[in-house]
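A.B. asks: Below is the file work.pdb, which contains PDB, C-alpha atoms.
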ATOM      1  CA  MET N   1       0.000   0.000   0.000  1.00  0.00           C
ATOM      2  CA  GLN N   2       1.317   3.400  -0.838  1.00  0.00           C
ATOM      3  CA  ASN N   3       2.605   5.164   2.255  1.00  0.00           C
ATOM      4  CA  ASP N   4       0.741   8.353   1.372  1.00  0.00           C
ATOM      5  CA  LYS N   5      -2.683   6.750   0.844  1.00  0.00           C
ATOM      6  CA  LYS N   6      -5.196   8.552   3.059  1.00  0.00           C
ATOM      7  CA  VAL N   7      -8.629   7.631   4.339  1.00  0.00           C
ATOM      8  CA  LYS N   8     -10.177  10.378   2.189  1.00  0.00           C
ATOM      9  CA  ASP N   9      -8.897   8.526  -0.899  1.00  0.00           C
ATOM     10  CA  ILE N  10     -11.014   5.446  -0.215  1.00  0.00           C
ATOM     11  CA  MET N  11     -13.983   6.675   1.833  1.00  0.00           C
ATOM     12  CA  THR N  12     -17.573   6.435   0.639  1.00  0.00           C
ATOM     13  CA  GLY N  13     -20.051   9.268   1.000  1.00  0.00           C
ATOM     14  CA  ILE N  14     -22.570   8.932   3.815  1.00  0.00           C
ATOM     15  CA  PHE N  15     -25.492   9.457   1.461  1.00  0.00           C
ATOM     16  CA  ASP N  16     -24.602   6.235  -0.352  1.00  0.00           C
ATOM     17  CA  TYR N  17     -26.141   4.515   2.664  1.00  0.00           C
ATOM     18  CA  PRO N  18     -29.661   4.740   3.942  1.00  0.00           C
ATOM     19  CA  HIS N  19     -29.883   6.500   7.255  1.00  0.00           C
ATOM     20  CA  ILE N  20     -32.555   6.812   9.901  1.00  0.00           C
ATOM     21  CA  PRO N  21     -33.077   8.489  13.259  1.00  0.00           C
ATOM     22  CA  TYR N  22     -32.599   6.362  16.368  1.00  0.00           C
ATOM     23  CA  TRP N  23     -36.288   6.535  17.282  1.00  0.00           C
ATOM     24  CA  PHE N  24     -37.424   4.682  14.137  1.00  0.00           C
ATOM     25  CA  SER N  25     -38.843   1.230  14.761  1.00  0.00           C
ATOM     26  CA  ILE N  26     -37.243  -1.999  13.611  1.00  0.00           C
ATOM     27  CA  GLY N  27     -40.223  -2.363  11.262  1.00  0.00           C
ATOM     28  CA  GLN N  28     -39.423   1.007   9.684  1.00  0.00           C
ATOM     29  CA  ALA N  29     -35.792  -0.070   9.302  1.00  0.00           C
ATOM     30  CA  ILE N  30     -36.981  -3.207   7.493  1.00  0.00           C
ATOM     31  CA  ARG N  31     -38.948  -1.043   5.054  1.00  0.00           C
ATOM     32  CA  ILE N  32     -35.853   1.116   4.451  1.00  0.00           C
ATOM     33  CA  VAL N  33     -33.706  -1.986   3.769  1.00  0.00           C
ATOM     34  CA  LYS N  34     -36.257  -3.370   1.346  1.00  0.00           C
ATOM     35  CA  ALA N  35     -36.612  -0.052  -0.495  1.00  0.00           C
ATOM     36  CA  SER N  36     -32.886   0.745  -0.525  1.00  0.00           C
ATOM     37  CA  PHE N  37     -31.231  -2.638  -1.047  1.00  0.00           C
ATOM     38  CA  ILE N  38     -33.622  -5.476  -1.844  1.00  0.00           C
ATOM     39  CA  LYS N  39     -36.107  -4.084  -4.382  1.00  0.00           C
ATOM     40  CA  PRO N  40     -33.509  -2.219  -6.490  1.00  0.00           C
ATOM     41  CA  LYS N  41     -31.116  -5.212  -6.125  1.00  0.00           C
ATOM     42  CA  LYS N  42     -28.398  -2.916  -4.822  1.00  0.00           C
ATOM     43  CA  TYR N  43     -26.086  -4.847  -2.522  1.00  0.00           C
ATOM     44  CA  PRO N  44     -23.285  -2.661  -1.199  1.00  0.00           C
ATOM     45  CA  SER N  45     -20.839  -4.331   1.101  1.00  0.00           C
ATOM     46  CA  PRO N  46     -21.721  -4.215   3.898  1.00  0.00           C
ATOM     47  CA  MET N  47     -25.443  -3.557   3.821  1.00  0.00           C
ATOM     48  CA  VAL N  48     -25.898  -1.302   6.810  1.00  0.00           C
ATOM     49  CA  ILE N  49     -28.188   1.528   7.797  1.00  0.00           C
ATOM     50  CA  LEU N  50     -26.631   4.510   9.529  1.00  0.00           C
ATOM     51  CA  VAL N  51     -28.409   5.679  12.700  1.00  0.00           C
ATOM     52  CA  PHE N  52     -28.356   9.380  13.615  1.00  0.00           C
ATOM     53  CA  ASN N  53     -29.624  11.566  16.453  1.00  0.00           C
ATOM     54  CA  GLU N  54     -31.595  14.834  16.172  1.00  0.00           C
ATOM     55  CA  LYS N  55     -28.446  16.851  15.465  1.00  0.00           C
ATOM     56  CA  TYR N  56     -27.444  14.451  12.680  1.00  0.00           C
ATOM     57  CA  ASN N  57     -24.601  12.957  14.705  1.00  0.00           C
ATOM     58  CA  LEU N  58     -23.865   9.351  13.825  1.00  0.00           C
ATOM     59  CA  LEU N  59     -24.790   7.074  16.733  1.00  0.00           C
ATOM     60  CA  GLY N  60     -24.427   3.620  15.232  1.00  0.00           C
ATOM     61  CA  THR N  61     -25.201   1.175  12.467  1.00  0.00           C
ATOM     62  CA  ILE N  62     -27.715  -1.578  11.886  1.00  0.00           C
ATOM     63  CA  SER N  63     -26.988  -4.586   9.693  1.00  0.00           C
ATOM     64  CA  LEU N  64     -29.383  -7.185   8.345  1.00  0.00           C
ATOM     65  CA  LYS N  65     -28.093  -9.543  11.025  1.00  0.00           C
ATOM     66  CA  ASN N  66     -28.868  -6.971  13.761  1.00  0.00           C
ATOM     67  CA  ILE N  67     -32.423  -6.667  12.450  1.00  0.00           C
ATOM     68  CA  LEU N  68     -32.976 -10.419  12.379  1.00  0.00           C
ATOM     69  CA  LYS N  69     -31.517 -10.815  15.870  1.00  0.00           C
ATOM     70  CA  GLY N  70     -33.846  -8.062  17.064  1.00  0.00           C
ATOM     71  CA  LEU N  71     -36.839  -9.974  15.672  1.00  0.00           C
ATOM     72  CA  GLU N  72     -35.904 -13.379  17.057  1.00  0.00           C
ATOM     73  CA  PRO N  73     -37.874 -14.287  20.158  1.00  0.00           C
ATOM     74  CA  LYS N  74     -35.914 -15.420  23.183  1.00  0.00           C
ATOM     75  CA  ILE N  75     -36.135 -19.206  23.287  1.00  0.00           C
ATOM     76  CA  TYR N  76     -34.061 -19.977  26.366  1.00  0.00           C
ATOM     77  CA  GLY N  77     -35.263 -17.376  28.873  1.00  0.00           C
ATOM     78  CA  LYS N  78     -38.283 -17.488  31.159  1.00  0.00           C
ATOM     79  CA  GLU N  79     -40.113 -14.979  28.974  1.00  0.00           C
ATOM     80  CA  ALA N  80     -39.924 -17.346  26.011  1.00  0.00           C
ATOM     81  CA  LYS N  81     -43.152 -17.768  24.116  1.00  0.00           C
ATOM     82  CA  VAL N  82     -41.691 -20.296  21.693  1.00  0.00           C
ATOM     83  CA  GLN N  83     -42.714 -23.823  22.594  1.00  0.00           C
ATOM     84  CA  VAL N  84     -39.848 -26.180  23.365  1.00  0.00           C
ATOM     85  CA  GLU N  85     -39.684 -29.773  24.508  1.00  0.00           C
ATOM     86  CA  GLU N  86     -37.339 -30.501  27.367  1.00  0.00           C
ATOM     87  CA  LYS N  87     -35.570 -33.748  28.253  1.00  0.00           C
ATOM     88  CA  ASN N  88     -34.167 -34.723  31.626  1.00  0.00           C
ATOM     89  CA  THR N  89     -31.348 -32.187  31.204  1.00  0.00           C
ATOM     90  CA  GLY N  90     -33.744 -29.266  31.245  1.00  0.00           C
ATOM     91  CA  ALA N  91     -32.240 -27.917  28.015  1.00  0.00           C
ATOM     92  CA  PRO N  92     -34.426 -27.365  24.971  1.00  0.00           C
ATOM     93  CA  SER N  93     -34.157 -30.321  22.619  1.00  0.00           C
ATOM     94  CA  ARG N  94     -36.665 -29.372  19.942  1.00  0.00           C
ATOM     95  CA  ILE N  95     -37.848 -25.950  18.885  1.00  0.00           C
ATOM     96  CA  GLU N  96     -41.140 -25.329  17.139  1.00  0.00           C
ATOM     97  CA  TRP N  97     -39.508 -23.628  14.168  1.00  0.00           C
ATOM     98  CA  ASP N  98     -42.789 -22.302  12.832  1.00  0.00           C
ATOM     99  CA  ALA N  99     -43.160 -20.235  15.988  1.00  0.00           C
ATOM    100  CA  LEU N 100     -39.890 -18.369  15.420  1.00  0.00           C
ATOM    101  CA  PHE N 101     -40.230 -14.975  13.701  1.00  0.00           C
ATOM    102  CA  ASP N 102     -44.008 -15.215  13.967  1.00  0.00           C
ATOM    103  CA  LYS N 103     -46.422 -13.174  16.112  1.00  0.00           C
ATOM    104  CA  GLU N 104     -43.817 -12.173  18.684  1.00  0.00           C
ATOM    105  CA  ALA N 105     -41.515 -10.924  15.917  1.00  0.00           C
ATOM    106  CA  LYS N 106     -44.228  -8.499  14.825  1.00  0.00           C
ATOM    107  CA  GLU N 107     -44.326  -7.144  18.362  1.00  0.00           C
ATOM    108  CA  LEU N 108     -40.532  -6.971  18.520  1.00  0.00           C
ATOM    109  CA  ALA N 109     -40.542  -4.976  15.253  1.00  0.00           C
ATOM    110  CA  LEU N 110     -42.194  -2.115  17.155  1.00  0.00           C
ATOM    111  CA  ARG N 111     -39.077  -1.533  19.280  1.00  0.00           C
ATOM    112  CA  GLN N 112     -36.734   1.358  18.469  1.00  0.00           C
ATOM    113  CA  VAL N 113     -33.673   0.684  16.351  1.00  0.00           C
ATOM    114  CA  SER N 114     -31.553   2.199  19.117  1.00  0.00           C
ATOM    115  CA  GLU N 115     -32.124  -1.080  21.007  1.00  0.00           C
ATOM    116  CA  ILE N 116     -30.445  -3.183  18.308  1.00  0.00           C
ATOM    117  CA  MET N 117     -27.918  -0.826  16.729  1.00  0.00           C
ATOM    118  CA  VAL N 118     -24.178  -1.266  17.075  1.00  0.00           C
ATOM    119  CA  PRO N 119     -22.850   1.959  18.621  1.00  0.00           C
ATOM    120  CA  ILE N 120     -20.062   3.822  16.856  1.00  0.00           C
ATOM    121  CA  GLU N 121     -17.119   4.058  19.203  1.00  0.00           C
ATOM    122  CA  LYS N 122     -14.148   4.633  16.898  1.00  0.00           C
ATOM    123  CA  PHE N 123     -13.559   6.903  13.941  1.00  0.00           C
ATOM    124  CA  VAL N 124     -10.821   8.190  11.665  1.00  0.00           C
ATOM    125  CA  GLN N 125     -10.135  11.561  10.096  1.00  0.00           C
ATOM    126  CA  PRO N 126      -9.817  12.191   6.335  1.00  0.00           C
ATOM    127  CA  GLU N 127      -6.039  12.729   6.552  1.00  0.00           C
ATOM    128  CA  ASP N 128      -5.370   9.568   8.593  1.00  0.00           C
ATOM    129  CA  PRO N 129      -3.452   6.796   6.835  1.00  0.00           C
ATOM    130  CA  VAL N 130      -5.467   3.894   5.443  1.00  0.00           C
ATOM    131  CA  LYS N 131      -3.388   1.529   7.621  1.00  0.00           C
ATOM    132  CA  LYS N 132      -4.768   3.235  10.741  1.00  0.00           C
ATOM    133  CA  ALA N 133      -8.328   2.636   9.553  1.00  0.00           C
ATOM    134  CA  ALA N 134      -7.486  -1.008   8.838  1.00  0.00           C
ATOM    135  CA  HIS N 135      -6.033  -1.477  12.312  1.00  0.00           C
ATOM    136  CA  ILE N 136      -9.065   0.094  14.027  1.00  0.00           C
ATOM    137  CA  MET N 137     -11.545  -1.910  11.987  1.00  0.00           C
ATOM    138  CA  LEU N 138      -9.737  -5.201  12.559  1.00  0.00           C
ATOM    139  CA  SER N 139      -9.243  -4.637  16.289  1.00  0.00           C
ATOM    140  CA  HIS N 140     -12.894  -3.703  16.801  1.00  0.00           C
ATOM    141  CA  ASP N 141     -14.449  -6.171  14.354  1.00  0.00           C
ATOM    142  CA  ALA N 142     -16.075  -3.327  12.410  1.00  0.00           C
ATOM    143  CA  TYR N 143     -17.288  -3.397   8.816  1.00  0.00           C
ATOM    144  CA  VAL N 144     -17.668   0.369   8.560  1.00  0.00           C
ATOM    145  CA  LEU N 145     -15.791   3.192  10.211  1.00  0.00           C
ATOM    146  CA  PRO N 146     -16.954   6.819  10.243  1.00  0.00           C
ATOM    147  CA  VAL N 147     -14.711   9.530   8.863  1.00  0.00           C
ATOM    148  CA  LEU N 148     -15.031  12.721  10.904  1.00  0.00           C
ATOM    149  CA  GLU N 149     -13.585  16.058   9.890  1.00  0.00           C
ATOM    150  CA  ASN N 150     -12.112  17.923  12.885  1.00  0.00           C
ATOM    151  CA  LYS N 151     -13.419  15.087  15.094  1.00  0.00           C
ATOM    152  CA  LYS N 152     -16.959  16.473  14.657  1.00  0.00           C
ATOM    153  CA  LYS N 153     -18.429  16.571  11.159  1.00  0.00           C
ATOM    154  CA  LEU N 154     -19.219  13.239   9.494  1.00  0.00           C
ATOM    155  CA  VAL N 155     -17.884  13.369   5.939  1.00  0.00           C
ATOM    156  CA  GLY N 156     -17.836   9.723   4.931  1.00  0.00           C
ATOM    157  CA  ILE N 157     -17.538   6.048   5.775  1.00  0.00           C
ATOM    158  CA  VAL N 158     -14.637   3.653   5.288  1.00  0.00           C
ATOM    159  CA  ARG N 159     -15.867   0.190   4.399  1.00  0.00           C
ATOM    160  CA  ILE N 160     -14.013  -3.070   4.889  1.00  0.00           C
ATOM    161  CA  ILE N 161     -14.268  -3.779   1.156  1.00  0.00           C
ATOM    162  CA  GLU N 162     -12.187  -0.725   0.210  1.00  0.00           C
ATOM    163  CA  LEU N 163      -9.617  -1.619   2.853  1.00  0.00           C
ATOM    164  CA  PHE N 164      -9.453  -5.162   1.535  1.00  0.00           C
ATOM    165  CA  ASP N 165      -9.041  -3.842  -2.008  1.00  0.00           C
ATOM    166  CA  GLU N 166      -6.182  -1.521  -1.010  1.00  0.00           C
ATOM    167  CA  ILE N 167      -4.316  -4.103   1.049  1.00  0.00           C
ATOM    168  CA  SER N 168      -4.815  -6.936  -1.441  1.00  0.00           C
ATOM    169  CA  ASN N 169      -3.702  -4.757  -4.377  1.00  0.00           C
ATOM    170  CA  ASP N 170      -0.500  -3.959  -2.521  1.00  0.00           C
ATOM    171  CA  ILE N 171       0.163  -7.602  -1.705  1.00  0.00           C
ATOM    172  CA  LEU N 172      -0.455  -8.741  -5.261  1.00  0.00           C
ATOM    173  CA  LYS N 173       1.890  -6.151  -6.784  1.00  0.00           C
ATOM    174  CA  GLU N 174       5.094  -7.565  -8.134  1.00  0.00           C
TER     175      GLU N 174
END
Go ahead and express the file in the form of structure tokens.
C.D. replies:
Amino acid sequence: MQNDKKVKDIMTGIFDYPHIPYWFSIGQAIRIVKASFIKPKKYPSPMVILVFNEKYNLLGTISLKNILKGLEPKIYGKEAKVQVEEKNTGAPSRIEWDALFDKEAKELALRQVSEIMVPIEKFVQPEDPVKKAAHIMLSHDAYVLPVLENKKKLVGIVRIIELFDEISNDILKE
């Protein structure tokens, strides 16, 4: 990788991703995903929705996996409504699969996305080296990393795919 390659050289604009306020419901997030990614068959990597507060500060992200986890009823806790059969061990041995993602999921879809989002804790600045972004993303298991100008204004997102492209191009050079 070139030593002078900066985050600003590989970042993606924030408006290339759907974004919602934190008070939207999971159901509303599902509608945004369907309208933004599924129906137009647009599959950016990763497929995430950015979550903002009232002042348009980035709070977190929501992936398809986060949405599905937010809709899955608890099957091991006392509040479980999914029927399970138990053996002598007391552990569930068979789950009524038809009951998963059914009526309770519709109720769970009314919760706010702030309950299922992954909070943004790390960021980079446009002039930071790409290697710094790679290190932060790998150490924090992140697929996107916000790019903040002057540690305040969100100007873009670094995605794992661009980092992979940069690093792999460098490795494959002869």
A.B. asks: Give me the box for segment 153-168 of chain N as JSON, namely the centre and edge lengths in Å to one decimal of a box along x, y and z that holds every listed atom plus 6 Å on each side.
C.D. replies:
{"center_x": -11.8, "center_y": 4.8, "center_z": 4.6, "size_x": 26.9, "size_y": 35.5, "size_z": 25.2}
A.B. asks: Name every residue that the PyMOL selection byres ((chain N and resi 109) around 12) selects in this structure, writing the answer as a VMD selection string with chains first and numbers rising.
C.D. replies: chain N and resid 24 to 31 66 to 73 101 to 108 110 to 113 115 to 116
A.B. asks: Of the candidates N:Ile171, N:Ile49, N:Leu58, N:Leu100, which one gets nearest to Phe123 of chain N if we count all atoms listed in the file?
C.D. replies: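 Using all atoms listed in the file, Phe123 of chain N sits closest to N:Leu58.
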A.B. asks: Pick out the residues sitting within 9 Å of Val155 of chain N, and hand them over as an NGL selection string; count all atoms listed in the file, and ignore anything fewer than 3 positions along from it in its own chain.
C.D. replies: :N and (11-14 or 125-126 or 146-149)
A.B. asks: Could you check how far atom CA of Phe52 of chain N sits from atom CA of Pro129 of chain N, in Å to one decimal?
C.D. replies: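 That distance, rounded to one decimal, is 25.9 Å.
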A.B. asks: Which is closest to Glu162 of chain N among N:Ala142, N:Ala134, N:Val48, N:Ile20, if we use all atoms listed in the file?
C.D. replies: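 Answer, going by the shortest atom-to-atom distance: N:Ala134.
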A.B. asks: Ranking N:Lys173, N:Lys151, N:Lys55, N:Lys8 by minimum distance to Pro21 of chain N and counting only C-alpha atoms, which one comes first?
C.D. replies: N:Lys55
A.B. asks: In Å, how far is it from atom CA of Glu166 of chain N to atom CA of Pro119 of chain N?
C.D. replies: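 Separating atom CA of Glu166 of chain N from atom CA of Pro119 of chain N is a distance of 26.0 Å.
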A.B. asks: Tell me which residues the PyMOL selection byres ((chain N and resi 5) around 10) grabs here, as a list in words.
C.D. replies: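 Against this file, the PyMOL selection byres ((chain N and resi 5) around 10) returns the residues Met1, Gln2, Asn3, Asp4, Lys6, Val7, Lys8, Asp9, Ile10, Glu127, Asp128, Pro129, Val130, Lys131 and Glu166 of chain N.
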A.B. asks: I need the residues from that last selection saved to file as a PDB file, in the coordinates of the input (with C-alpha atoms), if you can.
C.D. replies:
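Heads up, here's the output in selection.pdb:
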ATOM      1  CA  MET N   1       0.000   0.000   0.000  1.00  0.00           C
ATOM      2  CA  GLN N   2       1.317   3.400  -0.838  1.00  0.00           C
ATOM      3  CA  ASN N   3       2.605   5.164   2.255  1.00  0.00           C
ATOM      4  CA  ASP N   4       0.741   8.353   1.372  1.00  0.00           C
ATOM      5  CA  LYS N   6      -5.196   8.552   3.059  1.00  0.00           C
ATOM      6  CA  VAL N   7      -8.629   7.631   4.339  1.00  0.00           C
ATOM      7  CA  LYS N   8     -10.177  10.378   2.189  1.00  0.00           C
ATOM      8  CA  ASP N   9      -8.897   8.526  -0.899  1.00  0.00           C
ATOM      9  CA  ILE N  10     -11.014   5.446  -0.215  1.00  0.00           C
ATOM     10  CA  GLU N 127      -6.039  12.729   6.552  1.00  0.00           C
ATOM     11  CA  ASP N 128      -5.370   9.568   8.593  1.00  0.00           C
ATOM     12  CA  PRO N 129      -3.452   6.796   6.835  1.00  0.00           C
ATOM     13  CA  VAL N 130      -5.467   3.894   5.443  1.00  0.00           C
ATOM     14  CA  LYS N 131      -3.388   1.529   7.621  1.00  0.00           C
ATOM     15  CA  GLU N 166      -6.182  -1.521  -1.010  1.00  0.00           C
TER      16      GLU N 166
END
A.B. asks: Just to confirm, what's the straight-line distance from atom CA of Asp16 of chain N to atom CA of Lys39 of chain N in Å (one decimal)?
C.D. replies: 16.0 Å
A.B. asks: Return the single residue from N:Leu138, N:Leu172, N:Ile62, N:Ala133 that is closest to Ile120 of chain N, with distances computed using only C-alpha atoms.
C.D. replies: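 Going through N:Leu138, N:Leu172, N:Ile62, N:Ala133 one by one, the smallest distance to Ile120 of chain N is for N:Ile62.
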A.B. asks: Using the chain letters and numbering of this document, enumerate as a ChimeraX atom specification the residues selected by the PyMOL selection byres ((chain N and resi 158) around 6).
C.D. replies: /N:11,144-145,157,159
A.B. asks: Have a look at N:Val118, N:Asn57, N:His135, N:Lys42 and name the one nearest to Phe164 of chain N; count all atoms listed in the file.
C.D. replies: N:His135
A.B. asks: Excluding Met47 of chain N and residues on its chain fewer than 6 positions from it, collect all residues at most 12 Å away from it, counting only C-alpha atoms, and give them as an mmCIF file with C-alpha atoms, keeping the file's coordinate frame.
C.D. replies:
data_model
loop_
_atom_site.group_PDB
_atom_site.id
_atom_site.type_symbol
_atom_site.label_atom_id
_atom_site.label_comp_id
_atom_site.auth_asym_id
_atom_site.auth_seq_id
_atom_site.Cartn_x
_atom_site.Cartn_y
_atom_site.Cartn_z
ATOM 1 C CA ASP N 16 -24.602 6.235 -0.352
ATOM 2 C CA TYR N 17 -26.141 4.515 2.664
ATOM 3 C CA PRO N 18 -29.661 4.740 3.942
ATOM 4 C CA HIS N 19 -29.883 6.500 7.255
ATOM 5 C CA ILE N 32 -35.853 1.116 4.451
ATOM 6 C CA VAL N 33 -33.706 -1.986 3.769
ATOM 7 C CA LYS N 34 -36.257 -3.370 1.346
ATOM 8 C CA SER N 36 -32.886 0.745 -0.525
ATOM 9 C CA PHE N 37 -31.231 -2.638 -1.047
ATOM 10 C CA ILE N 38 -33.622 -5.476 -1.844
ATOM 11 C CA LYS N 41 -31.116 -5.212 -6.125
ATOM 12 C CA THR N 61 -25.201 1.175 12.467
ATOM 13 C CA ILE N 62 -27.715 -1.578 11.886
ATOM 14 C CA SER N 63 -26.988 -4.586 9.693
ATOM 15 C CA LEU N 64 -29.383 -7.185 8.345
ATOM 16 C CA LYS N 65 -28.093 -9.543 11.025
ATOM 17 C CA ASN N 66 -28.868 -6.971 13.761
ATOM 18 C CA ILE N 67 -32.423 -6.667 12.450
ATOM 19 C CA TYR N 143 -17.288 -3.397 8.816
ATOM 20 C CA VAL N 144 -17.668 0.369 8.560
ATOM 21 C CA ARG N 159 -15.867 0.190 4.399
ATOM 22 C CA ILE N 160 -14.013 -3.070 4.889
ATOM 23 C CA ILE N 161 -14.268 -3.779 1.156
#
A.B. asks: Find the residue from N:Asp170, N:Tyr43, N:Leu50, N:Met137 that sits nearest to Phe15 of chain N; use all atoms listed in the file when measuring.
C.D. replies: N:Leu50
